[in-house]
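Colleague: Quick one: the structure is below, questions incoming.
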Amino acid sequence: MNDIAEIVFWMIPGLPLAAFVIVFIGLRVLRVNDWLGALLSIIATTASFALSVWLGIRLLIQPQTRLIEGFSWFSAGTGMNVDVGLLVNPLTVIMLVVVSTISLMVQIYSVGYMRRDGGINRYFSFISLFTFAMLSLVMSNNLLIMFMSWEMVGLCSYLLIGFWFHRPEAAKAAKKAFFITRIGDFGFLAALLILFNATGTFDIEGIHQAAAAGIVSATAITWAALGIFFGAVGKSAQFPLHTWLPDAMEGPTPVSALIHAATMVAAGVFLVARMYPLFEQSESALTVVAVVGGITALLAATIALVMWDIKKVLAYSTISQLGYMMLGIGLGGVWVGIFHLFTHAFFKALLFMGAGSVSHSTHTFDMREMGGLGRKMPITCITFVAGALSLSGLWPLAGFFSKEEILGSALESQPILFGIVLATVFLTAFYMFRVVFLTFGGKYKGKGKPHESPLVMLAPMLIMAVLAISAGWLNADGTIGSLLGEESNHSWTTGIFGVFTHSLTWVSLLLAAAGIMLAWAMYSKNWFSPKKVSSRFTSVNSLLLHKYWFDELYENIIGSRLLNNGLFRFFEIADERIIDGAVNGLASLTSYTGSMARRVQNGKLQNYLLIFITGVAIIALVAIIIN
Amino acid sequence: MPGLEHYLILSGLLFCIGLAGAVIKRSAIVILMCIEIMLTGVNIAMVAFSRFITPVELTGQIFTVFIIVVAAAEIAIGLAIILALYRNRNTIDTQKIDLLKW
Amino acid sequence: MGMQIAFWILAVLAVVSAAGVIWQKNLFRAALLLVLCFLAVAGIFVTLSADFLAAVQLIINVGAVAILIIMSIMLTREVTSGNPSGKLGLPALAATGVLAFSIIITSVSSYWPLSSSSPLEPTTAALANLLFENDGFIFLIQLGAILLLTTIIGAIVLLRKED
């Protein structure tokens with residue numbers, strides 16, 4: 001990889017940025033034909049994609065790390081130098097491939113999905129900006145630049161969730177997403193400051209070296225790691241900051257596929273992976289990561305059971321799977337989490353594209369108004385089922401392999417978390433096939449005549465389906481693991497077929513199959529009605545339907561009572577009475593003394609003269625008395 | 001021969017009478033007259049110092065010459081201003097001329 | 001002794017006529033009292049053996065300034081409305097009283113480095129030498145000339161009718 005010209009690395013994020021600038025400033029302001037922007041954006045992303053894949057292939061041949069010196073951004077004082085540069089290691093390249101692939105597929109898909117929408121140039125310019133931000137996030141060698149990119153992807157997420165800003169729900173969801181991720185970003189920022197204070201640099205490798213050399217105190221490392229993880233919690237929608245992601249589904253579905261399933265929400269996982277050498281130094285931070293991941297995985301999976309909105313199910317599924325990744329990193333190390341991120345990106349993006357395809361023809365996301373679409377949209381159905389099977393973790397699809405690694409690492413270290421993961425496997429299979437049976441099985445219950453989506457949408461879905469099936473085989477001989485520092489050498493065949501020698505495989509496969517069978521029995525055959533089950537467990541059902549009351553907790557209790565009526569009200573009163581009061585009081589005091597003093601200034605010269613001679617007389621008198 | 005103190009006291013009295021008049025009187029012309037009285041008082045002090053302290057050099061008297069020159073110029077301009085004022089406002093009552101206020 | 005009597009008469013005359021300028025209700029009479037005051041001061045100058053200044057005082061103050069003032073009084077027709085006082089009488093008297101008191105105290109209690117030599121008489125030639133000599137006050141004389149010229153132009157500009 002050392003022989004590749006530096007410009008190639010700069011081009012990967014640079015091209016989407018150029019596309020954004022041209023499309024946003026040039027085309028949108030000049031009101032040129034809408035589809036030119038889409039074309040430019042797709043061309044730029046294709047180039048980034050091609051370069052990323054090329055880098056990936058080069059990396060497979062010869063794994064190494066490349067550090068590209070950029071330029072000095074600014075320096076302050078003696079110790080603070082911020083250099084913009086790129087750090088390209090195997091982790092980066094994997095993320096590059098994921099991000100550029102999904103971005104390209106989603107953009108092609110969007111051409112079909114957004115066909116009848118206004119603001120195409122705006123849409124594609126934001127997507128380009130997002131692609132740029134995400135690529136620079138994964139490539140940056142510097143935490144400060146990374147933080148900026150991190151905020152930029154947050155901004156793009158905001159802009160794209162609120163793409164249909166004329167809909168109040170979309171605007172509200174965009175705000176919610178922005179605010180809640182900001183809470184997490186605060187942790188990241190705090191960690192940034194702690195690390196800079198302790199090591200004097202923002203350079204990621206420098207921080208890792210300082211942490212490994214033991215320069216930084218253990219407390220500082222733990223707090224910094226927790227701060228970074230808190231940032232990741234916000235971005236990756238982990239418990240307890242997970243509530244924004246389901247609402248983010250108000251955005252266009254391709255956006256959900258790109259940002260809120262495959263890439264941006266995975267940025268949190270990536271961040272933890274990038275800073276893993278720091279986490280390695282702190283046992284407690286890693287435990288927190290694993291535990292939060294486990295809680296999130298189970299919590300979100302249970303909520304997904306009862307949602308009727310197909311995208312909400314997928315959103316909770318995403319949260320749950322992100323929890324898996326965190327758990328994998330916390331327990332098994334970087335490669336476990338990133339491997340799942342890698343496979344998940346493909347099948348979850350595929351599932352969202354499928355959901356988008358379905359809603360494109362039925363004009364609804366409510367599964368109660370779907371059904372029977374399997375015959376009307378065969379390709380959508382097949383690809384969706386492939387994605388669902390992959391997500392459920394069925395052999396030999398991609399999700400199986402990555403989930404297997406997480407299960408394995410959980411079994412080794414944390415029995416309780418292992419139980420949670422197993423339960424989640426069952427739940428995942430159940431809710432995914434609940435979606436499949438409700439959507440594609442039975443009879444059509446909605447209005448209008450559903451039809452198969454255009455080829456421009458189906459083609460990316462088919463490609464993604466192939467990836468969702470096959471992405472796991474990449475690691476069959478331990479390639480990804482070895483790239484990320486886990487040495488294991490076995491052949492392809494043992495990697496794919498050898499798994500059946502472990503009892504764990506059988507357990508997880510049986511659980512997944514049981515979940516699928518249960519969904520089939522309840523939603524396809526109606527052997528026992530879902531209504532009866534939910535009426536039997538009313539309290540549980542309502543708890544799940546209300547998503548464990550998290551929104552209510554945040555909005556009513558924390559937001560409304562504690563903050564709005566409590567703290568903020570206090571601030572408001574303090575601001576109005578004390579601060580404004582002091583300022584206004586000072587002002588009115590000044591104005592009052594002014595209005596008193598201006599009586600002296602009555603324009604009559606003789607008054608002035610009298611005052612003057614009085615002063616002189618007093619001075620003379622004082623001088624005489626002193627002498 | 002009266003002493004220096006006598007002249008100085010006379011000078012001070014004239015000065016203070018002029019000053020009081022300048023503050024009290026409402027007519028701008030009288031104020032100008034009072035200013036003339038003040039200047040005259042000062043002149044007396046100058047000449048008295050010249051007579052009693054430097055009788056041969058006469059520098060105090062030179063000062064007085066210049067004071068008289070400036071006083072004459074001042075009275076000319078002052079009266080011109082008063083006449084212009086009278087032409088515009090039809091009064092020279094200083095209590096009514098108070099445009100210089102807030 | 002004669003000097004003494006002359007001083008006291010002239011001093012009382014000057015102070016009384018100055019006070020009369022303020023006191024007198026009739027504006028025209030006040031102007032005449034001002035002339036009287038100027039005359040008394042010219043006398044005082046004579047007792048100080050400043051004969052030239054006494055003449056100047058007579059010519060300029062009594063002759064020119066007083067006439068100018070009287071003419072302005074005529075022009076502004078304020079004679080009949082009298083010589084009213086403002087509202088600041090008492091405070092002004094108090095302040096000037098304190099000032100006068102302190103001047104008197106100062107002039108009595110100070111030490112003056114009196115010279116015993118007899119004064120120059122007559123002063124005209126000596127003053128002329130002082131004023132017009134090369135190392136004298138010739139520059140200031142010229143400045144005074146410019147000042148007077150400026151004054152004349154200023155007065156004309158101020159009083160010119162706008163057309």
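Labels for the structure tokens follow display order: chains A, B, ..., residues from 1 in each chain, ligands from 1.
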With chain C as the partner and 12 Å as the cut-off, tabulate the residues of chain A that qualify, each row holding the nearest pair of atoms and their distance in Å to one decimal, using only C-alpha atoms, sorted by chain and rising number, as JSON lines.

Modeller:
{"residue": "A:Lys604", "atom": "CA", "partner": "C:Gly86", "partner_atom": "CA", "distance": 10.9}
{"residue": "A:Leu605", "atom": "CA", "partner": "C:Leu88", "partner_atom": "CA", "distance": 11.8}
{"residue": "A:Gln606", "atom": "CA", "partner": "C:Leu88", "partner_atom": "CA", "distance": 8.4}
{"residue": "A:Asn607", "atom": "CA", "partner": "C:Leu88", "partner_atom": "CA", "distance": 7.8}
{"residue": "A:Tyr608", "atom": "CA", "partner": "C:Leu88", "partner_atom": "CA", "distance": 11.2}
{"residue": "A:Leu609", "atom": "CA", "partner": "C:Ala92", "partner_atom": "CA", "distance": 9.4}
{"residue": "A:Leu610", "atom": "CA", "partner": "C:Ala92", "partner_atom": "CA", "distance": 6.3}
{"residue": "A:Ile611", "atom": "CA", "partner": "C:Ala95", "partner_atom": "CA", "distance": 9.2}
{"residue": "A:Phe612", "atom": "CA", "partner": "C:Ala95", "partner_atom": "CA", "distance": 9.8}
{"residue": "A:Ile613", "atom": "CA", "partner": "C:Ala95", "partner_atom": "CA", "distance": 6.7}
{"residue": "A:Thr614", "atom": "CA", "partner": "C:Ala95", "partner_atom": "CA", "distance": 5.3}
{"residue": "A:Gly615", "atom": "CA", "partner": "C:Ala95", "partner_atom": "CA", "distance": 8.7}
{"residue": "A:Val616", "atom": "CA", "partner": "C:Leu99", "partner_atom": "CA", "distance": 7.7}
{"residue": "A:Ala617", "atom": "CA", "partner": "C:Leu99", "partner_atom": "CA", "distance": 5.0}
{"residue": "A:Ile618", "atom": "CA", "partner": "C:Val98", "partner_atom": "CA", "distance": 8.1}
{"residue": "A:Ile619", "atom": "CA", "partner": "C:Leu99", "partner_atom": "CA", "distance": 9.5}
{"residue": "A:Ala620", "atom": "CA", "partner": "C:Ser102", "partner_atom": "CA", "distance": 6.4}
{"residue": "A:Leu621", "atom": "CA", "partner": "C:Ser102", "partner_atom": "CA", "distance": 6.3}
{"residue": "A:Val622", "atom": "CA", "partner": "C:Ser102", "partner_atom": "CA", "distance": 9.7}
{"residue": "A:Ala623", "atom": "CA", "partner": "C:Ser102", "partner_atom": "CA", "distance": 9.1}
{"residue": "A:Ile624", "atom": "CA", "partner": "C:Ser102", "partner_atom": "CA", "distance": 7.0}
{"residue": "A:Ile625", "atom": "CA", "partner": "C:Ser102", "partner_atom": "CA", "distance": 9.8}
{"residue": "A:Asn627", "atom": "CA", "partner": "C:Thr106", "partner_atom": "CA", "distance": 10.1}

Colleague: Using only C-alpha atoms, which protein or nucleic acid residues come within 10 Å of Gly3 (chain B)? Drop anything in the same chain fewer than 6 positions from it, and give the result as a PyMOL selection string.

Modeller: (chain B and resi 48+52) or (chain C and resi 4+114)

Colleague: Write the residues of the preceding selection, restricted to N, CA and C atoms, as a PDB file, in the first residue's frame.

Modeller:
ATOM      1  N   ALA B  48      -0.543  97.450  39.875  1.00  0.00           N
ATOM      2  CA  ALA B  48      -0.072  97.573  41.258  1.00  0.00           C
ATOM      3  C   ALA B  48       1.163  96.718  41.475  1.00  0.00           C
ATOM      4  N   PHE B  52       4.792  98.192  42.600  1.00  0.00           N
ATOM      5  CA  PHE B  52       5.389  97.895  43.905  1.00  0.00           C
ATOM      6  C   PHE B  52       6.483  96.853  43.855  1.00  0.00           C
TER       7      PHE B  52
ATOM      8  N   GLN C   4      -2.778 109.407  49.475  1.00  0.00           N
ATOM      9  CA  GLN C   4      -3.658 108.582  50.299  1.00  0.00           C
ATOM     10  C   GLN C   4      -5.121 108.970  50.071  1.00  0.00           C
ATOM     11  N   LEU C 114       8.511  93.416  48.081  1.00  0.00           N
ATOM     12  CA  LEU C 114       8.366  94.801  47.624  1.00  0.00           C
ATOM     13  C   LEU C 114       9.722  95.391  47.258  1.00  0.00           C
TER      14      LEU C 114
END

Colleague: Skip Ser11 (chain B) itself and residues of its chain fewer than 6 positions away, then list as a list in words all residues within 9 Å of it, counting only C-alpha atoms.

Modeller: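 After dropping sequence-adjacent residues, the list is Met38, Thr40, Gly41, Val42, Asn43, Ile44 and Ala45 of chain B.
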
Colleague: What's the 9 Å shell around Phe342 (chain A), counting only C-alpha atoms, without same-chain residues fewer than 6 positions away, as a list in words?

Modeller: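 These residues fall inside the cut-off: Ile94, Met95, Val98, Ala262, Ser402, Ala471 and Gly472 of chain A.
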
Colleague: Nearest to chain A among B:Ala72, B:Lys25, B:Ser50, B:Val30, with distances taken over only C-alpha atoms: which residue is it?

Modeller: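 That would be B:Lys25, the residue with the smallest distance to chain A.
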
Colleague: Compile the contact shell of Trp23 (chain C) as a PyMOL selection string: residues with an atom at most 9 Å away, counting only C-alpha atoms, same-chain residues fewer than 4 positions apart removed.

Modeller: (chain B and resi 21) or (chain C and resi 18-19+30+83)

Colleague: Quick one: distance from CA of Ala190 (chain A) to CA of Gly231 (chain A) in Å, one decimal?

Modeller: 9.4 Å

Colleague: Counting only C-alpha atoms, a student should be able to say which residues of chain C come within 7 Å of chain B; what is the right answer, written as an mmCIF file with N, CA and C atoms, in the first residue's frame?

Modeller:
data_model
loop_
_atom_site.group_PDB
_atom_site.id
_atom_site.type_symbol
_atom_site.label_atom_id
_atom_site.label_comp_id
_atom_site.auth_asym_id
_atom_site.auth_seq_id
_atom_site.Cartn_x
_atom_site.Cartn_y
_atom_site.Cartn_z
ATOM 1 N N MET C 1 0.405 111.940 51.639
ATOM 2 C CA MET C 1 -0.905 112.139 52.276
ATOM 3 C C MET C 1 -1.962 112.443 51.238
ATOM 4 N N MET C 3 -1.781 111.602 48.118
ATOM 5 C CA MET C 3 -1.913 110.323 47.427
ATOM 6 C C MET C 3 -2.934 109.432 48.127
ATOM 7 N N GLN C 4 -2.778 109.407 49.475
ATOM 8 C CA GLN C 4 -3.658 108.582 50.299
ATOM 9 C C GLN C 4 -5.121 108.970 50.071
ATOM 10 N N ALA C 11 -10.887 104.813 45.026
ATOM 11 C CA ALA C 11 -11.235 103.406 45.278
ATOM 12 C C ALA C 11 -12.700 103.280 45.623
ATOM 13 N N VAL C 15 -15.521 101.258 43.411
ATOM 14 C CA VAL C 15 -16.321 100.141 43.928
ATOM 15 C C VAL C 15 -17.810 100.487 43.905
ATOM 16 N N ALA C 18 -19.103 100.496 40.375
ATOM 17 C CA ALA C 18 -19.190 99.120 39.868
ATOM 18 C C ALA C 18 -20.413 98.433 40.448
ATOM 19 N N ALA C 19 -20.606 98.602 41.758
ATOM 20 C CA ALA C 19 -21.799 98.008 42.375
ATOM 21 C C ALA C 19 -23.045 98.623 41.768
ATOM 22 N N ILE C 22 -24.518 97.069 38.693
ATOM 23 C CA ILE C 22 -25.397 95.931 38.969
ATOM 24 C C ILE C 22 -26.707 96.410 39.591
ATOM 25 N N LEU C 48 -0.800 105.070 40.647
ATOM 26 C CA LEU C 48 0.232 104.041 40.529
ATOM 27 C C LEU C 48 1.333 104.486 39.584
ATOM 28 N N VAL C 65 -15.057 101.792 24.329
ATOM 29 C CA VAL C 65 -15.861 100.666 24.811
ATOM 30 C C VAL C 65 -17.196 101.152 25.355
ATOM 31 N N SER C 72 -25.013 99.895 21.648
ATOM 32 C CA SER C 72 -25.711 98.603 21.592
ATOM 33 C C SER C 72 -26.998 98.658 22.394
ATOM 34 N N THR C 76 -30.550 97.716 20.797
ATOM 35 C CA THR C 76 -31.394 96.590 21.199
ATOM 36 C C THR C 76 -32.666 97.038 21.901
ATOM 37 N N ASN C 83 -33.014 96.571 33.902
ATOM 38 C CA ASN C 83 -31.826 95.790 34.189
ATOM 39 C C ASN C 83 -32.159 94.711 35.208
ATOM 40 N N PRO C 84 -32.992 93.712 34.765
ATOM 41 C CA PRO C 84 -33.508 92.753 35.746
ATOM 42 C C PRO C 84 -32.444 91.760 36.212
ATOM 43 N N SER C 85 -32.684 91.206 37.392
ATOM 44 C CA SER C 85 -31.782 90.185 37.927
ATOM 45 C C SER C 85 -32.403 88.814 37.743
ATOM 46 N N GLY C 86 -31.524 87.804 37.662
ATOM 47 C CA GLY C 86 -32.002 86.431 37.545
ATOM 48 C C GLY C 86 -32.318 85.850 38.906
ATOM 49 N N LEU C 88 -30.405 83.750 40.460
ATOM 50 C CA LEU C 88 -29.225 83.196 41.117
ATOM 51 C C LEU C 88 -28.574 84.182 42.077
ATOM 52 N N GLY C 89 -29.329 85.222 42.463
ATOM 53 C CA GLY C 89 -28.750 86.297 43.277
ATOM 54 C C GLY C 89 -28.021 85.828 44.508
ATOM 55 N N ALA C 92 -25.053 83.424 44.011
ATOM 56 C CA ALA C 92 -23.956 84.124 43.356
ATOM 57 C C ALA C 92 -23.261 85.045 44.340
ATOM 58 N N LEU C 93 -24.036 85.760 45.146
ATOM 59 C CA LEU C 93 -23.431 86.648 46.138
ATOM 60 C C LEU C 93 -22.603 85.853 47.138
ATOM 61 N N THR C 96 -19.359 84.636 45.315
ATOM 62 C CA THR C 96 -18.414 85.724 45.085
ATOM 63 C C THR C 96 -17.932 86.316 46.400
ATOM 64 N N ALA C 100 -14.200 86.811 47.288
ATOM 65 C CA ALA C 100 -13.648 88.115 47.685
ATOM 66 C C ALA C 100 -12.929 87.988 49.024
ATOM 67 N N ILE C 103 -9.683 86.367 48.524
ATOM 68 C CA ILE C 103 -8.719 87.265 47.868
ATOM 69 C C ILE C 103 -8.152 88.252 48.887
ATOM 70 N N ILE C 104 -9.041 88.788 49.693
ATOM 71 C CA ILE C 104 -8.591 89.761 50.695
ATOM 72 C C ILE C 104 -7.616 89.117 51.662
ATOM 73 N N SER C 107 -4.313 88.501 49.943
ATOM 74 C CA SER C 107 -3.468 89.673 49.665
ATOM 75 C C SER C 107 -2.930 90.294 50.944
ATOM 76 N N VAL C 108 -3.669 90.135 52.047
ATOM 77 C CA VAL C 108 -3.173 90.694 53.301
ATOM 78 C C VAL C 108 -2.106 89.800 53.898
ATOM 79 N N PRO C 113 7.433 90.564 47.837
ATOM 80 C CA PRO C 113 8.834 91.057 47.769
ATOM 81 C C PRO C 113 8.868 92.485 47.226
ATOM 82 N N LEU C 114 8.511 93.416 48.081
ATOM 83 C CA LEU C 114 8.366 94.801 47.624
ATOM 84 C C LEU C 114 9.722 95.391 47.258
ATOM 85 N N SER C 115 9.700 96.242 46.221
ATOM 86 C CA SER C 115 10.924 96.934 45.822
ATOM 87 C C SER C 115 10.857 98.368 46.348
ATOM 88 N N SER C 117 12.766 100.888 45.191
ATOM 89 C CA SER C 117 13.170 101.900 44.218
ATOM 90 C C SER C 117 11.962 102.674 43.707
ATOM 91 N N SER C 118 12.226 103.921 43.329
ATOM 92 C CA SER C 118 11.111 104.761 42.905
ATOM 93 C C SER C 118 10.773 104.448 41.450
ATOM 94 N N PRO C 119 9.489 104.579 41.104
ATOM 95 C CA PRO C 119 9.043 104.163 39.779
ATOM 96 C C PRO C 119 9.506 105.103 38.687
ATOM 97 N N LEU C 120 9.516 104.552 37.443
ATOM 98 C CA LEU C 120 9.831 105.354 36.276
ATOM 99 C C LEU C 120 8.717 106.350 36.017
ATOM 100 N N GLY C 144 -1.547 91.076 18.282
ATOM 101 C CA GLY C 144 -2.683 91.902 18.689
ATOM 102 C C GLY C 144 -3.324 92.557 17.485
ATOM 103 N N LEU C 148 -7.177 92.112 16.309
ATOM 104 C CA LEU C 148 -8.125 93.200 16.088
ATOM 105 C C LEU C 148 -8.723 93.136 14.691
ATOM 106 N N THR C 151 -11.216 90.517 14.646
ATOM 107 C CA THR C 151 -12.402 90.974 15.347
ATOM 108 C C THR C 151 -13.283 91.819 14.438
ATOM 109 N N GLY C 154 -14.867 89.578 11.968
ATOM 110 C CA GLY C 154 -15.876 88.754 12.649
ATOM 111 C C GLY C 154 -17.126 89.549 12.928
ATOM 112 N N ALA C 155 -16.964 90.750 13.425
ATOM 113 C CA ALA C 155 -18.137 91.563 13.751
ATOM 114 C C ALA C 155 -18.939 91.856 12.496
ATOM 115 N N LEU C 158 -20.754 88.711 11.442
ATOM 116 C CA LEU C 158 -21.869 88.393 12.332
ATOM 117 C C LEU C 158 -23.080 89.277 12.061
ATOM 118 N N LEU C 159 -22.821 90.523 11.765
ATOM 119 C CA LEU C 159 -23.931 91.468 11.689
ATOM 120 C C LEU C 159 -24.395 91.724 10.268
#

Colleague: So what do you get for CA of Glu572 (chain A) versus CA of Asn584 (chain A), distance-wise?

Modeller: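 Taking CA of Glu572 (chain A) as the start and CA of Asn584 (chain A) as the end point, the length is 15.4 Å.
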
Colleague: Please provide as a list in words all residues within 8 Å of Phe270 (chain A), with the sequence filter that same-chain residues fewer than 4 positions apart are discarded (counting only C-alpha atoms).

Modeller: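 Close residues of Phe270 (chain A): Val138, Ala266, Arg274 and Ile338 of chain A.
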
Colleague: Grab the residues selected above and save them as an mmCIF file, in the first residue's frame with N, CA and C atoms.

Modeller:
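And here's out27.cif as it stands now:
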data_model
loop_
_atom_site.group_PDB
_atom_site.id
_atom_site.type_symbol
_atom_site.label_atom_id
_atom_site.label_comp_id
_atom_site.auth_asym_id
_atom_site.auth_seq_id
_atom_site.Cartn_x
_atom_site.Cartn_y
_atom_site.Cartn_z
ATOM 1 N N VAL A 138 -13.767 8.268 9.071
ATOM 2 C CA VAL A 138 -13.049 7.006 9.233
ATOM 3 C C VAL A 138 -11.585 7.155 8.863
ATOM 4 N N ALA A 266 -23.199 3.331 12.830
ATOM 5 C CA ALA A 266 -22.063 2.453 13.099
ATOM 6 C C ALA A 266 -20.810 3.252 13.426
ATOM 7 N N ARG A 274 -11.715 2.374 16.936
ATOM 8 C CA ARG A 274 -10.538 3.187 16.631
ATOM 9 C C ARG A 274 -9.747 3.490 17.902
ATOM 10 N N ILE A 338 -16.391 -5.138 14.645
ATOM 11 C CA ILE A 338 -16.313 -4.579 13.297
ATOM 12 C C ILE A 338 -16.795 -5.585 12.259
#

Colleague: If you run DSSP on this backbone, which residues of region 29-101 of chain B come out as alpha helix (DSSP H), and could you give them as a ChimeraX atom specification?

Modeller: /B:29-52,59-89

Colleague: What does the distance between CA of Ala345 (chain A) and CA of Thr318 (chain A) come to in Å, to one decimal place?

Modeller: 9.6 Å

Colleague: So which bits of region 52-134 of chain A end up strand (DSSP E) when you DSSP the backbone, as an mmCIF file with N, CA, C and O atoms, in the first residue's frame?

Modeller:
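Below is the file that was written, result-v1.cif:
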data_model
loop_
_atom_site.group_PDB
_atom_site.id
_atom_site.type_symbol
_atom_site.label_atom_id
_atom_site.label_comp_id
_atom_site.auth_asym_id
_atom_site.auth_seq_id
_atom_site.Cartn_x
_atom_site.Cartn_y
_atom_site.Cartn_z
ATOM 1 N N ARG A 66 -0.863 2.862 6.790
ATOM 2 C CA ARG A 66 -0.247 3.984 6.077
ATOM 3 C C ARG A 66 -0.682 5.270 6.744
ATOM 4 O O ARG A 66 -1.867 5.485 6.988
ATOM 5 N N LEU A 67 0.309 6.088 7.043
ATOM 6 C CA LEU A 67 0.018 7.380 7.657
ATOM 7 C C LEU A 67 0.350 8.454 6.638
ATOM 8 O O LEU A 67 1.455 8.494 6.116
ATOM 9 N N ILE A 68 -0.620 9.282 6.311
ATOM 10 C CA ILE A 68 -0.382 10.314 5.301
ATOM 11 C C ILE A 68 -0.358 11.668 5.964
ATOM 12 O O ILE A 68 -1.340 12.099 6.550
ATOM 13 N N GLU A 69 0.803 12.288 5.856
ATOM 14 C CA GLU A 69 0.928 13.630 6.411
ATOM 15 C C GLU A 69 0.135 14.582 5.548
ATOM 16 O O GLU A 69 0.279 14.597 4.336
ATOM 17 N N GLY A 70 -0.666 15.373 6.185
ATOM 18 C CA GLY A 70 -1.423 16.337 5.408
ATOM 19 C C GLY A 70 -0.777 17.697 5.508
ATOM 20 O O GLY A 70 0.385 17.888 5.175
ATOM 21 N N PHE A 71 -1.518 18.610 6.048
ATOM 22 C CA PHE A 71 -0.997 19.945 6.215
ATOM 23 C C PHE A 71 -1.296 20.364 7.642
ATOM 24 O O PHE A 71 -2.152 19.779 8.297
ATOM 25 N N SER A 72 -0.556 21.352 8.100
ATOM 26 C CA SER A 72 -0.807 21.832 9.449
ATOM 27 C C SER A 72 -2.020 22.740 9.411
ATOM 28 O O SER A 72 -2.077 23.688 8.642
ATOM 29 N N TRP A 73 -3.007 22.404 10.205
ATOM 30 C CA TRP A 73 -4.236 23.205 10.192
ATOM 31 C C TRP A 73 -4.016 24.468 11.005
ATOM 32 O O TRP A 73 -4.124 25.578 10.508
ATOM 33 N N PHE A 74 -3.660 24.293 12.271
ATOM 34 C CA PHE A 74 -3.308 25.466 13.051
ATOM 35 C C PHE A 74 -2.411 25.030 14.190
ATOM 36 O O PHE A 74 -2.346 23.851 14.529
ATOM 37 N N SER A 75 -1.682 25.975 14.750
ATOM 38 C CA SER A 75 -0.933 25.667 15.950
ATOM 39 C C SER A 75 -1.124 26.824 16.913
ATOM 40 O O SER A 75 -1.160 27.983 16.514
ATOM 41 N N ALA A 76 -1.271 26.489 18.165
ATOM 42 C CA ALA A 76 -1.489 27.515 19.174
ATOM 43 C C ALA A 76 -0.506 27.286 20.297
ATOM 44 O O ALA A 76 -0.334 26.155 20.755
ATOM 45 N N MET A 80 0.446 22.950 21.044
ATOM 46 C CA MET A 80 -0.778 22.523 20.361
ATOM 47 C C MET A 80 -0.612 22.664 18.866
ATOM 48 O O MET A 80 -0.640 23.759 18.318
ATOM 49 N N ASN A 81 -0.428 21.544 18.199
ATOM 50 C CA ASN A 81 -0.360 21.556 16.744
ATOM 51 C C ASN A 81 -1.412 20.606 16.224
ATOM 52 O O ASN A 81 -1.450 19.445 16.613
ATOM 53 N N VAL A 82 -2.256 21.102 15.372
ATOM 54 C CA VAL A 82 -3.263 20.230 14.791
ATOM 55 C C VAL A 82 -2.929 20.051 13.328
ATOM 56 O O VAL A 82 -2.945 21.001 12.547
ATOM 57 N N ASP A 83 -2.595 18.829 12.973
ATOM 58 C CA ASP A 83 -2.284 18.518 11.585
ATOM 59 C C ASP A 83 -3.420 17.705 11.003
ATOM 60 O O ASP A 83 -3.908 16.768 11.616
ATOM 61 N N VAL A 84 -3.798 18.094 9.820
ATOM 62 C CA VAL A 84 -4.807 17.301 9.125
ATOM 63 C C VAL A 84 -4.068 16.218 8.368
ATOM 64 O O VAL A 84 -3.214 16.497 7.538
ATOM 65 N N GLY A 85 -4.394 14.984 8.680
ATOM 66 C CA GLY A 85 -3.740 13.894 7.986
ATOM 67 C C GLY A 85 -4.652 12.686 7.925
ATOM 68 O O GLY A 85 -5.745 12.692 8.481
ATOM 69 N N LEU A 86 -4.219 11.670 7.238
ATOM 70 C CA LEU A 86 -5.043 10.476 7.105
ATOM 71 C C LEU A 86 -4.318 9.299 7.736
ATOM 72 O O LEU A 86 -3.096 9.152 7.607
ATOM 73 N N LEU A 87 -5.082 8.482 8.420
ATOM 74 C CA LEU A 87 -4.543 7.257 9.000
ATOM 75 C C LEU A 87 -5.272 6.113 8.328
ATOM 76 O O LEU A 87 -6.462 5.929 8.532
ATOM 77 N N VAL A 88 -4.574 5.400 7.494
ATOM 78 C CA VAL A 88 -5.222 4.324 6.754
ATOM 79 C C VAL A 88 -4.676 3.002 7.264
ATOM 80 O O VAL A 88 -3.539 2.640 6.988
#

Colleague: For Val62 (chain C), which residue among C:Ala50, C:Ile152, C:Leu75, C:Leu32 is the nearest when counting only C-alpha atoms?

Modeller: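 For Val62 (chain C), the nearest of the given residues is C:Leu32.
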
Colleague: At a cut-off of 7 Å, using only C-alpha atoms, what residues contact Leu39 (chain C)? Leave out same-chain residues fewer than 3 positions from it and give the result as a list in words.

Modeller: Val35, Leu36, Ala42, Gly43, Leu58 and Val62 of chain C
